[in-house]
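As structure tokens, the structure follows; a few thoughts come after it.
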Amino acid sequence: MPRVLVVDDSATMRKIIAKGLRDAGFGDWSVTEAADGESALHALRGSEFDLVLSDINMPGMDGLSLVRSARRDPTVSPDVPILIITTEGCLEKIEESVAAGATDYLRKPFEMPELVARVRAALRRAGRG
């Protein structure tokens, strides 16, 4: 069963993303939620995920630190797609996310069809879907 890790300090946003993925045909996916980067990194070290969707702005370890840590950690799959979903929209943050190792970047608020299209594209590029 494919697995996705949804990382956001907002429980509501995590639920919206998870429901949107299920409604878009990813209903058989196992969804794990994390409220911050540290919890997410711990989950990534303990399990194999097919996709990570992460906010940037979170307490403790933020999303960019999560991406950097995950990409350097030998216990985390190096090709797992990591999509950043955030209110941060300036070009510098986008470039910083990609430089850190993010697969793609999506600004909030987003339309669910756009998220689904980016998820599918990231999975195809990683050979996971």
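Note on naming: chains are A, B, ... as they come in the structure tokens, residues start from 1 per chain, ligands start from 1 in the order shown.
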Considering only C-alpha atoms, return as number ranges by chain whatever protein or nucleic-acid residues lie within 7 Å of Ile84 (chain A), sequence-local ones (same chain, fewer than 4 positions apart) excluded. A: 53-56, 102, 104-106
Need the shell around Leu123 (chain A): protein/DNA/RNA residues with any atom at most 9 Å away, counting only C-alpha atoms. Skip same-chain ones fewer than 6 positions apart. Format as an MDAnalysis selection string? chainID A and resid 50:51 80:81 129
So that I have them on file, write out the residues from the current selection with C-alpha atoms, as a PDB file, in the first residue's frame.
ATOM      1  CA  ASP A  50       6.196   7.247  -1.393  1.00  0.00           C
ATOM      2  CA  LEU A  51       5.535  10.961  -0.985  1.00  0.00           C
ATOM      3  CA  VAL A  80      11.167  10.179  -2.098  1.00  0.00           C
ATOM      4  CA  PRO A  81       9.360  13.179  -3.632  1.00  0.00           C
ATOM      5  CA  GLY A 129       3.291   6.149  -9.879  1.00  0.00           C
TER       6      GLY A 129
END
Based on the backbone DSSP call, show me all residues of chain A assigned helix (DSSP H, G or I), as a ChimeraX atom specification. /A:11-26,37-46,63-72,91-100,112-125
Between CA of Thr86 (chain A) and CA of Asp28 (chain A), measure the distance and give it in Å to one decimal.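 Taking CA of Thr86 (chain A) and CA of Asp28 (chain A), their separation equals 25.5 Å.
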Tell me, in Å to one decimal, how far CA of Leu91 (chain A) is from CA of Met58 (chain A).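 Straight-line distance from CA of Leu91 (chain A) to CA of Met58 (chain A) works out to 19.5 Å.
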Just want the 12 Å neighbourhood of Met1 (chain A), counted on only C-alpha atoms, with same-chain residues fewer than 5 positions away dropped. Output as a ChimeraX atom specification. /A:26-31,48-50,128
Who sits within 12 Å of Thr32 (chain A), only C-alpha atoms, same chain under 2 positions skipped, as a list of chain:residue names: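 Counting only the stated atoms, we get A:Pro2, A:Arg3, A:Val4, A:Leu5, A:Val6, A:Val7, A:Asp8, A:Ala11, A:Arg14, A:Lys15, A:Ile17, A:Ala18, A:Trp29, A:Ser30, A:Ala34, A:Ala35, A:Ser39, A:Ala40, A:His42, A:Ala43, A:Leu44, A:Ser47, A:Glu48, A:Phe49, A:Asp50, A:Leu51, A:Val52, A:Leu53, A:Ser54.
Those residues in region 56-110 of chain A carrying a DSSP assignment of strand (DSSP E), computed from the backbone, are Ile82, Leu83, Ile84, Ile85, Thr86, Asp104, Tyr105, Leu106 and Arg107 of chain A.
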